[in-house]
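Asker: See entry.pdb below, with PDB, C-alpha atoms, pLDDT in the B column.
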MODEL        1
ATOM      1  CA  MET A 121     145.119 124.955  97.670  1.00 57.00           C
ATOM      2  CA  ASP A 122     142.209 127.130  96.490  1.00 64.00           C
ATOM      3  CA  SER A 123     140.715 124.163  94.593  1.00 76.00           C
ATOM      4  CA  ILE A 124     140.664 122.116  97.824  1.00 83.00           C
ATOM      5  CA  TRP A 125     138.657 124.760  99.701  1.00 84.00           C
ATOM      6  CA  LEU A 126     136.361 125.165  96.692  1.00 85.00           C
ATOM      7  CA  GLU A 127     135.600 121.439  96.844  1.00 85.00           C
ATOM      8  CA  TYR A 128     135.069 121.706 100.600  1.00 89.00           C
ATOM      9  CA  GLY A 129     132.672 124.624 100.037  1.00 88.00           C
ATOM     10  CA  TRP A 130     130.633 122.734  97.426  1.00 87.00           C
ATOM     11  CA  THR A 131     130.462 119.679  99.672  1.00 87.00           C
ATOM     12  CA  LEU A 132     129.212 121.784 102.586  1.00 88.00           C
ATOM     13  CA  LEU A 133     126.524 123.407 100.395  1.00 88.00           C
ATOM     14  CA  ILE A 134     125.386 119.978  99.164  1.00 87.00           C
ATOM     15  CA  LEU A 135     125.334 118.684 102.728  1.00 87.00           C
ATOM     16  CA  ILE A 136     123.279 121.672 103.934  1.00 86.00           C
ATOM     17  CA  GLY A 137     120.752 121.144 101.112  1.00 83.00           C
ATOM     18  CA  LEU A 138     120.506 117.440 101.894  1.00 83.00           C
ATOM     19  CA  GLU A 139     120.173 118.199 105.615  1.00 78.00           C
ATOM     20  CA  GLY A 140     117.375 120.642 104.773  1.00 77.00           C
ATOM     21  CA  LEU A 141     115.343 118.056 102.888  1.00 74.00           C
ATOM     22  CA  LEU A 142     115.964 115.384 105.516  1.00 73.00           C
ATOM     23  CA  SER A 143     115.091 117.808 108.326  1.00 71.00           C
ATOM     24  CA  ALA A 144     111.825 118.600 106.534  1.00 68.00           C
ATOM     25  CA  ASP A 145     111.074 114.887 106.399  1.00 68.00           C
ATOM     26  CA  ASN A 146     111.981 114.693 110.091  1.00 70.00           C
ATOM     27  CA  ALA A 147     109.619 117.570 110.869  1.00 70.00           C
ATOM     28  CA  LEU A 148     106.825 115.922 108.870  1.00 69.00           C
ATOM     29  CA  VAL A 149     107.258 112.637 110.722  1.00 71.00           C
ATOM     30  CA  LEU A 150     107.247 114.405 114.107  1.00 72.00           C
ATOM     31  CA  ALA A 151     104.075 116.285 113.177  1.00 71.00           C
ATOM     32  CA  VAL A 152     102.333 113.084 112.031  1.00 72.00           C
ATOM     33  CA  ILE A 153     103.351 111.115 115.137  1.00 76.00           C
ATOM     34  CA  ALA A 154     102.064 113.864 117.449  1.00 77.00           C
ATOM     35  CA  LYS A 155      98.983 114.753 115.385  1.00 75.00           C
ATOM     36  CA  HIS A 156      96.536 112.770 117.540  1.00 77.00           C
ATOM     37  CA  LEU A 157      97.471 114.628 120.730  1.00 81.00           C
ATOM     38  CA  PRO A 158      95.619 117.724 122.038  1.00 83.00           C
ATOM     39  CA  ASP A 159      97.135 120.993 120.791  1.00 78.00           C
ATOM     40  CA  ASP A 160      98.945 121.842 124.025  1.00 80.00           C
ATOM     41  CA  GLN A 161     100.463 118.353 124.289  1.00 84.00           C
ATOM     42  CA  LYS A 162     101.208 118.285 120.555  1.00 79.00           C
ATOM     43  CA  LYS A 163     103.425 121.392 120.754  1.00 78.00           C
ATOM     44  CA  LYS A 164     105.148 120.045 123.858  1.00 84.00           C
ATOM     45  CA  ALA A 165     105.772 116.620 122.255  1.00 82.00           C
ATOM     46  CA  ILE A 166     107.240 118.214 119.118  1.00 74.00           C
ATOM     47  CA  SER A 167     109.422 120.502 121.275  1.00 78.00           C
ATOM     48  CA  TYR A 168     110.687 117.438 123.138  1.00 81.00           C
ATOM     49  CA  GLY A 169     111.278 115.796 119.761  1.00 75.00           C
ATOM     50  CA  ILE A 170     113.415 118.730 118.564  1.00 73.00           C
ATOM     51  CA  PHE A 171     115.385 118.657 121.834  1.00 79.00           C
ATOM     52  CA  LEU A 172     115.976 114.913 121.384  1.00 78.00           C
ATOM     53  CA  ALA A 173     117.094 115.544 117.787  1.00 71.00           C
ATOM     54  CA  PHE A 174     119.693 117.996 119.118  1.00 74.00           C
ATOM     55  CA  ALA A 175     120.875 115.505 121.762  1.00 80.00           C
ATOM     56  CA  PHE A 176     121.087 112.531 119.379  1.00 77.00           C
ATOM     57  CA  ARG A 177     122.956 114.428 116.678  1.00 73.00           C
ATOM     58  CA  PHE A 178     125.514 115.908 119.041  1.00 74.00           C
ATOM     59  CA  GLY A 179     125.919 112.478 120.607  1.00 75.00           C
ATOM     60  CA  ALA A 180     126.483 110.954 117.185  1.00 72.00           C
ATOM     61  CA  LEU A 181     129.312 113.427 116.517  1.00 70.00           C
ATOM     62  CA  PHE A 182     131.450 111.550 119.053  1.00 70.00           C
ATOM     63  CA  ALA A 183     131.327 108.491 116.780  1.00 71.00           C
ATOM     64  CA  ILE A 184     132.712 110.335 113.746  1.00 71.00           C
ATOM     65  CA  SER A 185     136.340 109.278 114.100  1.00 67.00           C
ATOM     66  CA  PHE A 186     135.256 105.670 114.710  1.00 71.00           C
ATOM     67  CA  ILE A 187     133.185 105.664 111.511  1.00 73.00           C
ATOM     68  CA  ALA A 188     135.956 107.415 109.604  1.00 71.00           C
ATOM     69  CA  ASN A 189     138.762 105.008 110.518  1.00 74.00           C
ATOM     70  CA  VAL A 190     137.227 101.510 110.757  1.00 82.00           C
ATOM     71  CA  TRP A 191     136.488 100.067 107.323  1.00 85.00           C
ATOM     72  CA  GLN A 192     134.017  97.514 108.720  1.00 89.00           C
ATOM     73  CA  ILE A 193     131.898 100.362 110.117  1.00 84.00           C
ATOM     74  CA  GLN A 194     132.204 102.183 106.788  1.00 85.00           C
ATOM     75  CA  ALA A 195     130.935  99.059 105.004  1.00 90.00           C
ATOM     76  CA  ILE A 196     127.959  98.768 107.366  1.00 89.00           C
ATOM     77  CA  GLY A 197     127.274 102.489 106.932  1.00 86.00           C
ATOM     78  CA  ALA A 198     127.397 102.189 103.135  1.00 89.00           C
ATOM     79  CA  ALA A 199     125.008  99.231 103.207  1.00 92.00           C
ATOM     80  CA  TYR A 200     122.652 101.097 105.538  1.00 89.00           C
ATOM     81  CA  LEU A 201     122.584 104.263 103.401  1.00 87.00           C
ATOM     82  CA  LEU A 202     121.973 102.198 100.253  1.00 92.00           C
ATOM     83  CA  TYR A 203     119.195 100.263 101.992  1.00 90.00           C
ATOM     84  CA  LEU A 204     117.588 103.416 103.391  1.00 85.00           C
ATOM     85  CA  GLY A 205     117.689 105.345 100.131  1.00 87.00           C
ATOM     86  CA  LEU A 206     116.654 102.518  97.804  1.00 91.00           C
ATOM     87  CA  LYS A 207     113.867 101.359 100.143  1.00 88.00           C
ATOM     88  CA  HIS A 208     112.302 104.807 100.086  1.00 84.00           C
ATOM     89  CA  VAL A 209     112.752 105.258  96.326  1.00 87.00           C
ATOM     90  CA  ILE A 210     111.298 101.813  95.530  1.00 88.00           C
ATOM     91  CA  LYS A 211     108.400 102.334  97.926  1.00 83.00           C
ATOM     92  CA  ALA A 212     107.665 105.739  96.414  1.00 79.00           C
ATOM     93  CA  LYS A 213     107.786 104.285  92.893  1.00 75.00           C
ATOM     94  CA  PHE A 214     106.022 100.958  93.334  1.00 73.00           C
ATOM     95  CA  GLY A 215     104.440 100.975  96.787  1.00 65.00           C
ATOM     96  CA  LYS A 216     102.307 103.332  98.809  1.00 55.00           C
ATOM     97  CA  ASP A 217     102.708 107.038  98.210  1.00 51.00           C
ATOM     98  CA  ASN A 218     104.121 109.216 100.975  1.00 52.00           C
ATOM     99  CA  GLU A 219     100.720 110.540 101.980  1.00 52.00           C
ATOM    100  CA  ASN A 220      99.412 107.021 102.643  1.00 52.00           C
ATOM    101  CA  ILE A 221     102.599 106.124 104.529  1.00 47.00           C
ATOM    102  CA  ARG A 222     102.135 109.115 106.803  1.00 50.00           C
ATOM    103  CA  GLU A 223      98.461 108.245 107.295  1.00 52.00           C
ATOM    104  CA  ASP A 224      99.533 104.751 108.392  1.00 51.00           C
ATOM    105  CA  THR A 225     102.079 106.278 110.774  1.00 50.00           C
ATOM    106  CA  GLU A 226      99.372 108.496 112.223  1.00 52.00           C
ATOM    107  CA  GLU A 227      97.005 105.521 112.665  1.00 53.00           C
ATOM    108  CA  GLU A 228      99.756 103.609 114.498  1.00 51.00           C
ATOM    109  CA  ALA A 229     100.243 106.561 116.865  1.00 51.00           C
ATOM    110  CA  LYS A 230      96.551 107.086 117.638  1.00 52.00           C
ATOM    111  CA  GLY A 231      95.354 105.895 120.988  1.00 47.00           C
ATOM    112  CA  LYS A 232      98.801 106.311 122.534  1.00 63.00           C
ATOM    113  CA  GLY A 233      99.347 108.760 125.374  1.00 77.00           C
ATOM    114  CA  PHE A 234     101.809 111.631 125.648  1.00 82.00           C
ATOM    115  CA  TRP A 235     104.912 109.748 126.815  1.00 81.00           C
ATOM    116  CA  PRO A 236     104.484 106.775 124.434  1.00 84.00           C
ATOM    117  CA  THR A 237     104.223 109.358 121.640  1.00 81.00           C
ATOM    118  CA  VAL A 238     107.388 111.106 122.870  1.00 81.00           C
ATOM    119  CA  SER A 239     109.131 107.702 122.914  1.00 81.00           C
ATOM    120  CA  LYS A 240     108.094 107.106 119.295  1.00 79.00           C
ATOM    121  CA  ILE A 241     109.413 110.567 118.400  1.00 78.00           C
ATOM    122  CA  ALA A 242     112.704 109.705 120.156  1.00 77.00           C
ATOM    123  CA  LEU A 243     113.139 106.562 118.047  1.00 76.00           C
ATOM    124  CA  ALA A 244     112.417 108.536 114.868  1.00 76.00           C
ATOM    125  CA  ASP A 245     114.961 111.187 115.911  1.00 74.00           C
ATOM    126  CA  LEU A 246     117.602 108.532 116.598  1.00 73.00           C
ATOM    127  CA  ALA A 247     117.128 107.099 113.097  1.00 75.00           C
ATOM    128  CA  PHE A 248     117.386 110.555 111.522  1.00 75.00           C
ATOM    129  CA  ALA A 249     120.525 111.343 113.560  1.00 75.00           C
ATOM    130  CA  ILE A 250     122.237 108.176 112.314  1.00 76.00           C
ATOM    131  CA  ASP A 251     121.189 108.905 108.714  1.00 76.00           C
ATOM    132  CA  SER A 252     122.463 112.474 108.926  1.00 77.00           C
ATOM    133  CA  ILE A 253     125.865 111.676 110.445  1.00 79.00           C
ATOM    134  CA  LEU A 254     126.514 108.742 108.087  1.00 82.00           C
ATOM    135  CA  ALA A 255     125.683 110.863 105.026  1.00 83.00           C
ATOM    136  CA  ALA A 256     127.910 113.695 106.277  1.00 83.00           C
ATOM    137  CA  VAL A 257     130.833 111.349 107.010  1.00 84.00           C
ATOM    138  CA  ALA A 258     130.477 109.688 103.589  1.00 84.00           C
ATOM    139  CA  LEU A 259     130.627 113.068 101.848  1.00 86.00           C
ATOM    140  CA  ALA A 260     133.546 114.291 103.985  1.00 86.00           C
ATOM    141  CA  LEU A 261     135.698 111.168 103.594  1.00 83.00           C
ATOM    142  CA  GLY A 262     135.757 111.631  99.819  1.00 82.00           C
ATOM    143  CA  LEU A 263     137.404 115.037 100.189  1.00 85.00           C
ATOM    144  CA  PRO A 264     141.163 115.529  99.871  1.00 85.00           C
ATOM    145  CA  ASP A 265     143.113 116.075 103.084  1.00 85.00           C
ATOM    146  CA  SER A 266     143.137 119.661 104.322  1.00 87.00           C
ATOM    147  CA  PRO A 267     146.076 121.607 105.844  1.00 86.00           C
ATOM    148  CA  LEU A 268     144.223 121.699 109.184  1.00 88.00           C
ATOM    149  CA  PRO A 269     145.537 119.473 112.007  1.00 89.00           C
ATOM    150  CA  ASP A 270     143.796 116.183 112.775  1.00 84.00           C
ATOM    151  CA  PHE A 271     141.022 116.204 115.330  1.00 78.00           C
ATOM    152  CA  GLY A 272     139.778 113.057 117.066  1.00 66.00           C
ATOM    153  CA  GLY A 273     141.716 110.838 114.675  1.00 71.00           C
ATOM    154  CA  MET A 274     140.194 112.525 111.612  1.00 80.00           C
ATOM    155  CA  ASP A 275     141.460 115.217 109.230  1.00 85.00           C
ATOM    156  CA  GLY A 276     140.545 118.579 110.767  1.00 87.00           C
ATOM    157  CA  GLY A 277     138.908 119.934 107.612  1.00 89.00           C
ATOM    158  CA  LYS A 278     136.770 116.829 107.126  1.00 88.00           C
ATOM    159  CA  PHE A 279     135.773 116.858 110.792  1.00 87.00           C
ATOM    160  CA  LEU A 280     134.788 120.527 110.447  1.00 88.00           C
ATOM    161  CA  ILE A 281     132.575 119.731 107.425  1.00 88.00           C
ATOM    162  CA  VAL A 282     130.741 117.012 109.374  1.00 85.00           C
ATOM    163  CA  VAL A 283     130.269 119.239 112.414  1.00 84.00           C
ATOM    164  CA  LEU A 284     129.065 122.213 110.336  1.00 86.00           C
ATOM    165  CA  GLY A 285     126.679 119.905 108.458  1.00 82.00           C
ATOM    166  CA  GLY A 286     125.339 118.564 111.758  1.00 77.00           C
ATOM    167  CA  ILE A 287     124.856 122.080 113.144  1.00 80.00           C
ATOM    168  CA  ALA A 288     123.127 123.100 109.903  1.00 80.00           C
ATOM    169  CA  GLY A 289     120.762 120.141 110.250  1.00 74.00           C
ATOM    170  CA  LEU A 290     119.863 121.160 113.797  1.00 73.00           C
ATOM    171  CA  ILE A 291     119.269 124.798 112.806  1.00 77.00           C
ATOM    172  CA  LEU A 292     117.159 123.704 109.836  1.00 76.00           C
ATOM    173  CA  ILE A 293     115.016 121.413 112.012  1.00 69.00           C
ATOM    174  CA  LYS A 294     114.447 124.270 114.457  1.00 68.00           C
ATOM    175  CA  TYR A 295     113.937 127.231 112.134  1.00 72.00           C
ATOM    176  CA  ALA A 296     113.737 126.276 108.447  1.00 66.00           C
ATOM    177  CA  ALA A 297     111.868 122.955 108.471  1.00 60.00           C
ATOM    178  CA  THR A 298     108.538 124.753 107.884  1.00 65.00           C
ATOM    179  CA  TRP A 299     109.896 126.304 104.671  1.00 72.00           C
ATOM    180  CA  PHE A 300     111.213 122.949 103.467  1.00 66.00           C
ATOM    181  CA  VAL A 301     107.854 121.319 104.305  1.00 65.00           C
ATOM    182  CA  LYS A 302     106.120 123.899 102.086  1.00 73.00           C
ATOM    183  CA  LEU A 303     108.708 123.262  99.371  1.00 73.00           C
ATOM    184  CA  LEU A 304     107.948 119.526  99.540  1.00 71.00           C
ATOM    185  CA  GLU A 305     104.237 120.298  99.205  1.00 74.00           C
ATOM    186  CA  THR A 306     104.866 122.129  95.913  1.00 80.00           C
ATOM    187  CA  ARG A 307     107.609 119.747  94.755  1.00 80.00           C
ATOM    188  CA  PRO A 308     106.919 116.404  96.486  1.00 78.00           C
ATOM    189  CA  ALA A 309     109.376 114.563  94.230  1.00 81.00           C
ATOM    190  CA  LEU A 310     112.187 116.261  96.170  1.00 80.00           C
ATOM    191  CA  GLU A 311     111.598 113.957  99.125  1.00 78.00           C
ATOM    192  CA  THR A 312     112.295 110.895  96.985  1.00 85.00           C
ATOM    193  CA  THR A 313     115.195 112.813  95.430  1.00 86.00           C
ATOM    194  CA  ALA A 314     116.736 113.351  98.868  1.00 82.00           C
ATOM    195  CA  TYR A 315     116.672 109.614  99.547  1.00 85.00           C
ATOM    196  CA  ALA A 316     118.051 108.875  96.073  1.00 90.00           C
ATOM    197  CA  ILE A 317     120.952 111.173  96.980  1.00 88.00           C
ATOM    198  CA  VAL A 318     121.328 109.311 100.296  1.00 86.00           C
ATOM    199  CA  ALA A 319     121.650 106.040  98.330  1.00 90.00           C
ATOM    200  CA  TRP A 320     124.206 107.642  95.991  1.00 92.00           C
ATOM    201  CA  VAL A 321     126.167 108.891  99.020  1.00 89.00           C
ATOM    202  CA  GLY A 322     126.046 105.262 100.196  1.00 90.00           C
ATOM    203  CA  VAL A 323     127.743 104.314  96.921  1.00 93.00           C
ATOM    204  CA  LYS A 324     130.421 106.901  97.658  1.00 90.00           C
ATOM    205  CA  LEU A 325     131.027 105.409 101.107  1.00 89.00           C
ATOM    206  CA  ALA A 326     131.181 101.934  99.500  1.00 93.00           C
ATOM    207  CA  VAL A 327     133.842 103.198  97.053  1.00 92.00           C
ATOM    208  CA  ILE A 328     135.830 104.620  99.973  1.00 89.00           C
ATOM    209  CA  THR A 329     135.544 101.263 101.769  1.00 91.00           C
ATOM    210  CA  LEU A 330     136.657  99.290  98.710  1.00 93.00           C
ATOM    211  CA  ALA A 331     139.677 101.584  98.340  1.00 90.00           C
ATOM    212  CA  HIS A 332     140.701 101.113 101.982  1.00 87.00           C
ATOM    213  CA  GLU A 333     144.284  99.867 102.303  1.00 85.00           C
ATOM    214  CA  ASP A 334     143.096  96.668 104.019  1.00 86.00           C
ATOM    215  CA  ILE A 335     140.584  95.882 101.208  1.00 87.00           C
ATOM    216  CA  HIS A 336     142.323  97.331  98.140  1.00 85.00           C
ATOM    217  CA  VAL A 337     139.649  96.270  95.639  1.00 91.00           C
ATOM    218  CA  LEU A 338     139.973  99.774  94.194  1.00 91.00           C
ATOM    219  CA  ALA A 339     143.098 101.902  94.041  1.00 91.00           C
ATOM    220  CA  HIS A 340     143.687 103.742  97.320  1.00 86.00           C
ATOM    221  CA  ASP A 341     143.657 107.158  95.573  1.00 88.00           C
ATOM    222  CA  PHE A 342     140.568 106.463  93.440  1.00 91.00           C
ATOM    223  CA  PRO A 343     137.988 108.090  95.824  1.00 88.00           C
ATOM    224  CA  HIS A 344     140.014 111.331  95.556  1.00 82.00           C
ATOM    225  CA  SER A 345     140.654 111.122  91.814  1.00 87.00           C
ATOM    226  CA  THR A 346     139.357 113.671  89.335  1.00 85.00           C
ATOM    227  CA  LEU A 347     137.466 110.934  87.442  1.00 91.00           C
ATOM    228  CA  TRP A 348     135.488 109.743  90.487  1.00 91.00           C
ATOM    229  CA  THR A 349     134.891 113.319  91.655  1.00 85.00           C
ATOM    230  CA  LEU A 350     133.384 114.224  88.268  1.00 89.00           C
ATOM    231  CA  ILE A 351     131.281 111.031  88.200  1.00 93.00           C
ATOM    232  CA  PHE A 352     130.003 111.522  91.759  1.00 89.00           C
ATOM    233  CA  TYR A 353     129.036 115.193  91.438  1.00 86.00           C
ATOM    234  CA  GLY A 354     127.739 114.721  87.891  1.00 91.00           C
ATOM    235  CA  VAL A 355     125.320 111.988  88.976  1.00 93.00           C
ATOM    236  CA  LEU A 356     124.397 113.936  92.117  1.00 88.00           C
ATOM    237  CA  VAL A 357     123.512 117.066  90.128  1.00 87.00           C
ATOM    238  CA  GLY A 358     121.570 114.902  87.663  1.00 92.00           C
ATOM    239  CA  ILE A 359     119.512 113.365  90.485  1.00 90.00           C
ATOM    240  CA  ALA A 360     118.837 116.808  91.972  1.00 86.00           C
ATOM    241  CA  LEU A 361     117.742 118.313  88.633  1.00 88.00           C
ATOM    242  CA  PHE A 362     115.508 115.325  87.866  1.00 88.00           C
ATOM    243  CA  GLY A 363     113.849 115.640  91.277  1.00 84.00           C
ATOM    244  CA  TRP A 364     113.354 119.391  90.896  1.00 83.00           C
ATOM    245  CA  PHE A 365     111.686 119.183  87.488  1.00 85.00           C
ATOM    246  CA  ALA A 366     109.866 115.851  87.953  1.00 78.00           C
ATOM    247  CA  PRO A 367     106.056 116.176  87.960  1.00 71.00           C
ATOM    248  CA  SER A 368     104.400 115.266  91.253  1.00 59.00           C
ATOM    249  CA  ASN A 369     102.068 112.272  91.591  1.00 53.00           C
ATOM    250  CA  LYS A 370      99.309 114.713  92.493  1.00 50.00           C
ATOM    251  CA  ASN A 371      99.759 116.639  89.241  1.00 50.00           C
ATOM    252  CA  LEU A 372      99.730 113.391  87.265  1.00 46.00           C
ATOM    253  CA  LYS A 373      96.516 112.283  88.998  1.00 47.00           C
ATOM    254  CA  ASP A 374      94.908 115.665  88.318  1.00 46.00           C
ATOM    255  CA  LYS A 375      95.779 115.378  84.619  1.00 43.00           C
ATOM    256  CA  GLU A 376      94.316 111.868  84.485  1.00 44.00           C
ATOM    257  CA  LEU A 377      91.088 113.090  86.096  1.00 40.00           C
ATOM    258  CA  MET A 378      90.811 115.917  83.536  1.00 42.00           C
ATOM    259  CA  LYS A 379      90.976 113.453  80.624  1.00 46.00           C
TER     260      LYS A 379
ENDMDL
END
Is it possible to give me this structure as structure tokens?
Answerer:
Amino acid sequence: MDSIWLEYGWTLLILIGLEGLLSADNALVLAVIAKHLPDDQKKKAISYGIFLAFAFRFGALFAISFIANVWQIQAIGAAYLLYLGLKHVIKAKFGKDNENIREDTEEEAKGKGFWPTVSKIALADLAFAIDSILAAVALALGLPDSPLPDFGGMDGGKFLIVVLGGIAGLILIKYAATWFVKLLETRPALETTAYAIVAWVGVKLAVITLAHEDIHVLAHDFPHSTLWTLIFYGVLVGIALFGWFAPSNKNLKDKELMK
């Protein structure tokens, strides 16, 4: 029993860390979208954006049991997380760097008034809410069943992990996003790392889908097996360590200029 709660605790910590990095990215996008507005309107637009983030994420919580029980939705969610993560990683590696992407986003927003800017922020918040809930559900579904009673058609412990992760994301957007933004400035590779983890979580959701009793490509118990648990967390820790110690593009450019 203790080992189950230990796994739940580790999953929640991983989810909070991932939520922190994604909330920092959310905060950066909001700041870039609203950057062209006057200072008083800028603060108001970002405040509206944070409020919308709260509304979208709480709204998305009502879809948890649907995502958790319908394998077709799980498959779509897995494909979306893989697409989202790999698109960002590939773009960071071979395409424009994040600074240029944000400059382009700012250029697109320029010339737009207050409410069009708030609408753009709302769309960004909706995308982040979907990303956050899907990642949380994918992590939770791989956990063993808890002794808690079911809630909304989902194991109570798993539901609690998703809800706590969602609340953590909201708190981080409101209070800790500034710290994570500063962390990304000193270690910019962490942003790409976060999306690499999102893609890997997409793989986990794909494994869960393939092990569904109606698909049965993989053994039904495989997503909860010790082997898959070790593989999943081993790769996840490897991605995190690589992102933490990876040199930033800025540092590489500075070294090239010094040659």
Asker: For stretch 133-194 of chain A against stretch 339-361 of chain A, with a cut-off of 12 Å and counting only C-alpha atoms, what is the closest atom pair and its distance in Å to one decimal for every residue that makes the cut, ordered by chain and number, as CSV?
Answerer:
residue,atom,partner,partner_atom,distance
A:Ile134,CA,A:Leu356,CA,9.3
A:Leu135,CA,A:Leu356,CA,11.7
A:Gly137,CA,A:Ala360,CA,10.3
A:Leu138,CA,A:Ala360,CA,10.1
A:Leu141,CA,A:Ala360,CA,11.5
Asker: Using the chain letters and numbering of this document, enumerate as a count of residues only the residues selected by the PyMOL selection byres ((chain A and resi 328) around 10).
Answerer: 26
Asker: So which residues touch A:Trp235 within 12 Å, counting all atoms listed in the file, skipping near sequence neighbours fewer than 3 positions away, as a list in words?
Answerer: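 The residues that qualify are Ile153, Ala154, Leu157, Gln161, Lys162, Lys164, Ala165, Ile166, Tyr168, Gly169, Ala229, Gly231, Lys232, Val238, Ser239, Lys240, Ile241 and Ala242 of chain A.
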Asker: For stretch 174-188 of chain A, I'd like the enclosing box, axis-aligned and padded by 6 Å on every side, reported as JSON with centre and edge lengths in Å to one decimal.
Answerer:
{"center_x": 128.0, "center_y": 111.8, "center_z": 115.7, "size_x": 28.6, "size_y": 24.3, "size_z": 24.2}
Asker: Can you measure atom CA of A:Phe362 to atom CA of A:Leu202 for me? One decimal in Å is fine.
Answerer: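 Value for the atom CA of A:Phe362-atom CA of A:Leu202 distance: 19.2 Å.
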Asker: Using the chain letters and residue numbers of this document, give as an MDAnalysis selection string the residues selected by the PyMOL selection byres ((chain A and resi 203-214) around 9).
Answerer: chainID A and resid 198:202 215:218 251 312:320 322
Asker: Create the file for the chosen residues now, containing C-alpha atoms and written as a PDB file, in the coordinates of the input.
Answerer:
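The file below, again-v4.pdb, is the result:
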ATOM      1  CA  ALA A 198     127.397 102.189 103.135  1.00 89.00           C
ATOM      2  CA  ALA A 199     125.008  99.231 103.207  1.00 92.00           C
ATOM      3  CA  TYR A 200     122.652 101.097 105.538  1.00 89.00           C
ATOM      4  CA  LEU A 201     122.584 104.263 103.401  1.00 87.00           C
ATOM      5  CA  LEU A 202     121.973 102.198 100.253  1.00 92.00           C
ATOM      6  CA  GLY A 215     104.440 100.975  96.787  1.00 65.00           C
ATOM      7  CA  LYS A 216     102.307 103.332  98.809  1.00 55.00           C
ATOM      8  CA  ASP A 217     102.708 107.038  98.210  1.00 51.00           C
ATOM      9  CA  ASN A 218     104.121 109.216 100.975  1.00 52.00           C
ATOM     10  CA  ASP A 251     121.189 108.905 108.714  1.00 76.00           C
ATOM     11  CA  THR A 312     112.295 110.895  96.985  1.00 85.00           C
ATOM     12  CA  THR A 313     115.195 112.813  95.430  1.00 86.00           C
ATOM     13  CA  ALA A 314     116.736 113.351  98.868  1.00 82.00           C
ATOM     14  CA  TYR A 315     116.672 109.614  99.547  1.00 85.00           C
ATOM     15  CA  ALA A 316     118.051 108.875  96.073  1.00 90.00           C
ATOM     16  CA  ILE A 317     120.952 111.173  96.980  1.00 88.00           C
ATOM     17  CA  VAL A 318     121.328 109.311 100.296  1.00 86.00           C
ATOM     18  CA  ALA A 319     121.650 106.040  98.330  1.00 90.00           C
ATOM     19  CA  TRP A 320     124.206 107.642  95.991  1.00 92.00           C
ATOM     20  CA  GLY A 322     126.046 105.262 100.196  1.00 90.00           C
TER      21      GLY A 322
END
